file run28.tsv (TSV, C-alpha atoms)
chain	number	residue	atom	x	y	z
A	1	MET	CA	-23.10	-22.26	13.75
A	2	ASN	CA	-24.08	-25.84	12.99
A	3	SER	CA	-22.30	-29.20	12.74
A	4	ASN	CA	-21.35	-28.55	9.12
A	5	GLY	CA	-19.94	-25.06	9.38
A	6	ALA	CA	-18.66	-22.17	11.41
A	7	LEU	CA	-20.39	-18.80	11.69
A	8	ILE	CA	-17.98	-16.03	10.75
A	9	GLU	CA	-18.71	-12.35	11.31
A	10	TRP	CA	-17.16	-10.08	8.71
A	11	HIS	CA	-16.51	-6.35	9.02
A	12	GLY	CA	-19.78	-4.43	8.85
A	13	GLY	CA	-21.68	-7.03	10.83
A	14	GLU	CA	-22.32	-9.38	7.91
A	15	HIS	CA	-22.20	-13.12	8.52
A	16	ALA	CA	-21.33	-16.10	6.39
A	17	VAL	CA	-21.32	-19.83	7.05
A	18	ILE	CA	-18.04	-21.48	6.09
A	19	GLU	CA	-18.46	-25.18	5.50
A	20	ILE	CA	-16.00	-27.35	7.44
A	21	LYS	CA	-15.15	-30.16	5.02
A	22	TYR	CA	-12.00	-31.61	6.55
A	23	THR	CA	-10.96	-32.47	10.11
A	24	GLY	CA	-8.56	-34.77	11.93
A	25	ASP	CA	-5.90	-36.70	10.03
A	26	VAL	CA	-7.40	-35.82	6.64
A	27	LEU	CA	-7.00	-32.11	7.37
A	28	TRP	CA	-3.39	-32.52	8.53
A	29	GLU	CA	-2.60	-34.57	5.44
A	30	ARG	CA	-3.91	-31.76	3.22
A	31	ILE	CA	-1.79	-29.20	5.04
A	32	GLU	CA	1.33	-31.39	4.86
A	33	ARG	CA	0.70	-32.12	1.18
A	34	ALA	CA	0.47	-28.41	0.41
A	35	VAL	CA	3.88	-27.83	2.03
A	36	GLU	CA	5.42	-30.80	0.21
A	37	LYS	CA	4.11	-29.58	-3.15
A	38	VAL	CA	5.95	-26.28	-2.71
A	39	LYS	CA	9.14	-28.07	-1.67
A	40	ASP	CA	8.89	-30.43	-4.65
A	41	ARG	CA	8.28	-27.55	-7.07
A	42	LEU	CA	11.28	-25.64	-5.70
A	43	LEU	CA	13.61	-28.63	-5.93
A	44	ARG	CA	12.50	-29.58	-9.45
A	45	VAL	CA	13.11	-26.05	-10.72
A	46	THR	CA	16.46	-25.50	-9.03
A	47	THR	CA	17.79	-28.97	-9.85
A	48	ALA	CA	16.90	-28.55	-13.52
A	49	LEU	CA	18.55	-25.12	-13.69
A	50	ASN	CA	21.60	-26.38	-11.80
A	51	ASP	CA	22.02	-29.36	-14.13
A	52	ALA	CA	21.75	-27.09	-17.17
A	53	GLN	CA	24.15	-24.55	-15.59
A	54	ILE	CA	21.63	-21.74	-16.05
A	55	PRO	CA	22.32	-18.95	-13.54
A	56	TYR	CA	19.42	-18.05	-11.24
A	57	ALA	CA	18.63	-17.15	-7.65
A	58	VAL	CA	15.74	-18.18	-5.41
A	59	VAL	CA	13.86	-15.15	-4.09
A	60	GLY	CA	10.52	-14.56	-2.37
A	61	GLY	CA	9.27	-16.56	0.59
A	62	ASN	CA	11.57	-19.51	0.02
A	63	ALA	CA	14.65	-17.29	0.08
A	64	ALA	CA	13.41	-15.75	3.33
A	65	GLN	CA	13.01	-19.27	4.73
A	66	LEU	CA	16.56	-20.21	3.78
A	67	TRP	CA	18.01	-17.22	5.62
A	68	VAL	CA	15.75	-17.28	8.70
A	69	ALA	CA	16.42	-21.00	9.17
A	70	GLN	CA	20.12	-20.22	9.55
A	71	VAL	CA	19.28	-18.62	12.91
A	72	ASP	CA	16.06	-20.10	14.26
A	73	GLU	CA	14.03	-22.85	12.61
A	74	SER	CA	11.05	-22.10	14.84
A	75	ALA	CA	10.76	-18.70	13.12
A	76	VAL	CA	10.52	-20.16	9.62
A	77	ARG	CA	7.29	-19.17	7.90
A	78	ALA	CA	5.51	-21.44	5.40
A	79	THR	CA	5.08	-20.11	1.87
A	80	ARG	CA	3.44	-21.18	-1.37
A	81	ASP	CA	5.71	-18.96	-3.47
A	82	VAL	CA	8.48	-20.35	-5.66
A	83	ASP	CA	9.98	-17.20	-7.17
A	84	ILE	CA	13.11	-17.19	-9.33
A	85	VAL	CA	15.25	-14.34	-10.65
A	86	MET	CA	17.28	-14.99	-13.79
A	87	ASN	CA	18.78	-13.17	-16.76
A	88	ARG	CA	16.32	-12.55	-19.58
A	89	THR	CA	18.91	-13.90	-22.02
A	90	ASP	CA	18.59	-17.33	-20.35
A	91	LEU	CA	14.79	-17.54	-20.66
A	92	ASP	CA	14.74	-19.64	-23.84
A	93	ALA	CA	17.17	-22.15	-22.34
A	94	ALA	CA	15.09	-22.26	-19.13
A	95	LYS	CA	11.93	-22.98	-21.14
A	96	GLN	CA	13.56	-26.08	-22.61
A	97	VAL	CA	14.94	-27.56	-19.38
A	98	LEU	CA	11.89	-26.77	-17.24
A	99	GLU	CA	9.51	-28.28	-19.79
A	100	VAL	CA	11.37	-31.58	-19.34
A	101	VAL	CA	10.52	-31.60	-15.62
A	102	GLY	CA	6.86	-30.75	-16.12
A	103	PHE	CA	6.56	-26.96	-16.32
A	104	ARG	CA	4.76	-24.94	-19.01
A	105	TYR	CA	5.86	-21.45	-19.98
A	106	GLN	CA	3.11	-18.82	-19.79
A	107	GLU	CA	2.67	-15.06	-19.74
A	108	VAL	CA	-0.17	-14.15	-17.36
A	109	ALA	CA	-1.17	-10.50	-16.92
A	110	GLY	CA	2.29	-9.42	-17.97
A	111	VAL	CA	4.04	-11.82	-15.57
A	112	THR	CA	6.43	-14.45	-16.92
A	113	MET	CA	5.82	-17.75	-15.19
A	114	PHE	CA	6.04	-21.51	-15.48
A	115	LEU	CA	2.83	-23.38	-14.69
A	116	ASP	CA	3.24	-26.70	-12.91
A	117	GLY	CA	1.86	-29.51	-15.07
A	118	THR	CA	-0.94	-29.58	-17.62
A	119	THR	CA	-3.53	-28.43	-15.07
A	120	GLY	CA	-1.33	-25.96	-13.21
A	121	THR	CA	-2.66	-22.51	-12.39
A	122	PRO	CA	-0.95	-19.19	-11.56
A	123	ARG	CA	-1.55	-19.95	-7.88
A	124	ASP	CA	0.97	-22.80	-8.00
A	125	ALA	CA	3.24	-21.47	-10.73
A	126	VAL	CA	6.88	-20.36	-10.67
A	127	PRO	CA	7.00	-16.60	-11.41
A	128	ILE	CA	10.17	-15.31	-13.06
A	129	VAL	CA	11.79	-11.96	-12.29
A	130	PHE	CA	14.46	-10.67	-14.64
A	131	ALA	CA	17.72	-9.46	-13.15
A	132	GLY	CA	18.45	-5.80	-13.72
A	133	GLU	CA	14.86	-5.00	-14.70
A	134	LYS	CA	12.08	-3.39	-12.68
A	135	VAL	CA	9.41	-5.86	-11.61
A	136	ARG	CA	6.89	-3.02	-11.86
A	137	ALA	CA	7.31	0.31	-13.58
A	138	GLU	CA	6.58	2.23	-10.37
A	139	TYR	CA	9.30	0.48	-8.36
A	140	SER	CA	12.23	2.70	-7.43
A	141	GLU	CA	14.84	0.03	-8.11
A	142	ALA	CA	15.39	-2.84	-10.51
A	143	ALA	CA	15.68	-6.47	-9.50
A	144	PRO	CA	19.23	-7.28	-8.36
A	145	SER	CA	21.95	-8.93	-10.36
A	146	ILE	CA	22.30	-12.65	-9.74
A	147	GLU	CA	26.08	-12.35	-9.69
A	148	GLN	CA	25.85	-11.91	-5.91
A	149	PHE	CA	24.46	-15.16	-4.57
A	150	GLU	CA	24.96	-17.86	-1.95
A	151	TRP	CA	24.61	-21.62	-2.22
A	152	ILE	CA	22.18	-22.85	0.45
A	153	LYS	CA	20.72	-26.37	0.41
A	154	SER	CA	22.15	-27.02	-3.07
A	155	MET	CA	20.34	-24.05	-4.54
A	156	ARG	CA	21.34	-20.50	-5.37
A	157	THR	CA	19.74	-17.65	-3.49
A	158	LEU	CA	20.48	-13.95	-3.30
A	159	THR	CA	22.88	-12.66	-0.70
A	160	LEU	CA	20.96	-11.40	2.32
A	161	PRO	CA	21.51	-7.67	1.57
A	162	GLU	CA	20.26	-8.09	-2.00
A	163	LEU	CA	17.23	-10.07	-0.84
A	164	VAL	CA	16.39	-7.38	1.73
A	165	ARG	CA	16.82	-4.68	-0.92
A	166	MET	CA	14.41	-6.54	-3.21
A	167	LYS	CA	11.81	-6.92	-0.46
A	168	LEU	CA	12.08	-3.30	0.60
A	169	THR	CA	11.58	-2.30	-3.03
A	170	SER	CA	8.46	-4.46	-3.43
A	171	HIS	CA	7.17	-3.53	0.04
A	172	ARG	CA	4.03	-5.65	-0.19
A	173	LEU	CA	2.53	-6.99	3.02
A	174	LYS	CA	4.27	-10.34	2.65
A	175	ASP	CA	7.59	-8.62	1.95
A	176	ARG	CA	7.25	-6.57	5.11
A	177	VAL	CA	6.37	-9.70	7.09
A	178	HIS	CA	9.45	-11.50	5.78
A	179	ILE	CA	11.66	-8.59	6.83
A	180	GLN	CA	9.99	-8.56	10.25
A	181	ASP	CA	10.88	-12.25	10.57
A	182	MET	CA	14.51	-11.44	9.74
A	183	ILE	CA	14.50	-8.64	12.32
A	184	SER	CA	13.01	-10.95	14.95
A	185	VAL	CA	15.89	-13.44	14.65
A	186	GLY	CA	18.58	-10.76	14.52
A	187	LEU	CA	19.51	-11.01	10.84
A	188	ILE	CA	18.74	-7.30	10.36
A	189	ASP	CA	19.23	-4.44	12.82
A	190	GLU	CA	19.88	-0.68	12.96
A	191	THR	CA	23.33	-1.10	11.41
A	192	TRP	CA	21.65	-1.90	8.09
A	193	LEU	CA	20.15	1.57	7.69
A	194	ASP	CA	23.08	2.96	5.71
A	195	ARG	CA	23.06	0.17	3.13
A	196	PHE	CA	20.16	1.32	0.99
A	197	SER	CA	18.72	4.34	-0.79
A	198	PRO	CA	16.92	6.97	1.35
A	199	GLN	CA	13.49	5.62	0.38
A	200	LEU	CA	14.39	2.03	1.26
A	201	CYS	CA	16.12	3.12	4.46
A	202	LEU	CA	12.93	4.88	5.54
A	203	ARG	CA	10.93	1.71	4.91
A	204	LEU	CA	13.41	-0.36	6.89
A	205	LYS	CA	13.44	2.16	9.74
A	206	GLU	CA	9.66	1.91	10.03
A	207	LEU	CA	9.90	-1.87	10.31
A	208	LEU	CA	12.73	-1.72	12.83
A	209	ASP	CA	10.75	0.74	14.94
A	210	ASN	CA	7.63	-1.40	14.80
A	211	PRO	CA	8.75	-5.01	14.29
A	212	ASP	CA	5.42	-6.49	15.39
A	213	GLY	CA	3.21	-4.01	13.50
call {"tool": "encode", "arguments": {"input": "run28.tsv", "output": "structure tokens"}}
result
Amino acid sequence: MNSNGALIEWHGGEHAVIEIKYTGDVLWERIERAVEKVKDRLLRVTTALNDAQIPYAVVGGNAAQLWVAQVDESAVRATRDVDIVMNRTDLDAAKQVLEVVGFRYQEVAGVTMFLDGTTGTPRDAVPIVFAGEKVRAEYSEAAPSIEQFEWIKSMRTLTLPELVRMKLTSHRLKDRVHIQDMISVGLIDETWLDRFSPQLCLRLKELLDNPDG
């Protein structure tokens, strides 16, 4: 290690020098700015859809935040995801209202999304999931209806059972982590095991049995 970088050992014994570019207040400002960008993106999208009376629900990491924060704000996990579920029939209307607030419609690798600004990339986009349709062909269940929702912080999000169902269906690492967060604050417990299909119940049981795994 030298003054300009940190020596990192990867699996297999290989090493790489990672350059340390930012420290002190500049580093904290970058971290805070990243969080604020996500918040701004979420509010711009939901406000535009609210004003246009286009039904939607916030899902993904932001939805998990909204529910976990109801119990324990210290357990809230930062996220860069701004995911929205809506009806496919409302997509054309959403394109019009979101363009006004700076988003560009794009299909990327089969995913419908809205890029943020003229230089926006998929990393900071707003992916769209269509209600009643499978996100991926191999998923056992379709995305939930947005008829069951809650208003939290002036935005629509799925009810907690529907959000949990969606995350158990996706079952990616970040979905499992979000469910573990919900378990840790008592939002989900053993009484939930009879709410889902056998496959999803098995996934939930594994997380309940190993909440820190």
call {"tool": "atom_distance", "arguments": {"input": "run28.tsv", "atom1": "atom CA of Leu187 of chain A", "atom2": "atom CA of Arg165 of chain A"}}
result
13.6 Å
call {"tool": "atom_distance", "arguments": {"input": "run28.tsv", "atom1": "atom CA of Val68 of chain A", "atom2": "atom CA of Asp181 of chain A"}}
result
7.2 Å
call {"tool": "residues_around", "arguments": {"input": "run28.tsv", "residues": "Ser140 of chain A", "least_positions_apart": "3", "cutoff": "12 Å", "atoms": "all atoms listed in the file", "output": "MDAnalysis selection string"}}
result
chainID A and resid 133:137 143 165:171 196:200
call {"tool": "closest_residue", "arguments": {"input": "run28.tsv", "among": "A:Thr159, A:Glu19, A:Asp175, A:Glu206", "to": "Gly61 of chain A", "atoms": "only C-alpha atoms"}}
result
A:Asp175
call {"tool": "closest_residue", "arguments": {"input": "run28.tsv", "among": "A:Thr121, A:Asn87, A:Asn50, A:Gln65", "to": "Ile146 of chain A", "atoms": "only C-alpha atoms"}}
result
A:Asn87
call {"tool": "atom_distance", "arguments": {"input": "run28.tsv", "atom1": "atom CA of Glu36 of chain A", "atom2": "atom CA of Ala109 of chain A"}}
result
27.4 Å
call {"tool": "closest_residue", "arguments": {"input": "run28.tsv", "among": "A:Ala69, A:Leu207, A:Ala52, A:Met155", "to": "Ile84 of chain A", "atoms": "all atoms listed in the file"}}
result
A:Met155
call {"tool": "closest_residue", "arguments": {"input": "run28.tsv", "among": "A:Lys174, A:Lys205, A:Lys21, A:Arg156", "to": "Pro55 of chain A", "atoms": "all atoms listed in the file"}}
result
A:Arg156
call {"tool": "residues_around", "arguments": {"input": "run28.tsv", "residues": "Phe103 of chain A", "least_positions_apart": "5", "cutoff": "9 Å", "atoms": "all atoms listed in the file", "output": "number ranges by chain"}}
result
A: 45, 95, 97-98, 114-118, 120, 125-126
call {"tool": "closest_residue", "arguments": {"input": "run28.tsv", "among": "A:Trp28, A:Trp192, A:Tyr139, A:Tyr22", "to": "Val164 of chain A", "atoms": "all atoms listed in the file"}}
result
A:Trp192
call {"tool": "closest_residue", "arguments": {"input": "run28.tsv", "among": "A:Ser154, A:Thr119, A:Ala75, A:Gln148", "to": "Leu43 of chain A", "atoms": "all atoms listed in the file"}}
result
A:Ser154
call {"tool": "axis_aligned_box", "arguments": {"input": "run28.tsv", "around": "segment 95-112 of chain A", "padding_each_side": "8 Å", "output": "AutoDock Vina command-line options"}}
result
--center_x 6.9 --center_y -20.5 --center_z -19.1 --size_x 32.1 --size_y 38.2 --size_z 23.0
call {"tool": "residues_near_point", "arguments": {"input": "run28.tsv", "point": "(21.2, -17.7, -19.4)", "cutoff": "10 Å", "atoms": "all atoms listed in the file", "output": "list in words"}}
result
Leu49, Ala52, Gln53, Ile54, Pro55, Tyr56, Met86, Asn87, Arg88, Thr89, Asp90, Leu91, Asp92, Ala93 and Ala94 of chain A
call {"tool": "residues_near_point", "arguments": {"input": "run28.tsv", "point": "(-10.6, -28.7, 9.9)", "cutoff": "12 Å", "atoms": "all atoms listed in the file", "output": "list in words"}}
result
Asn4, Gly5, Ala6, Ile18, Glu19, Ile20, Lys21, Tyr22, Thr23, Gly24, Asp25, Val26, Leu27, Trp28, Glu29, Arg30 and Ile31 of chain A
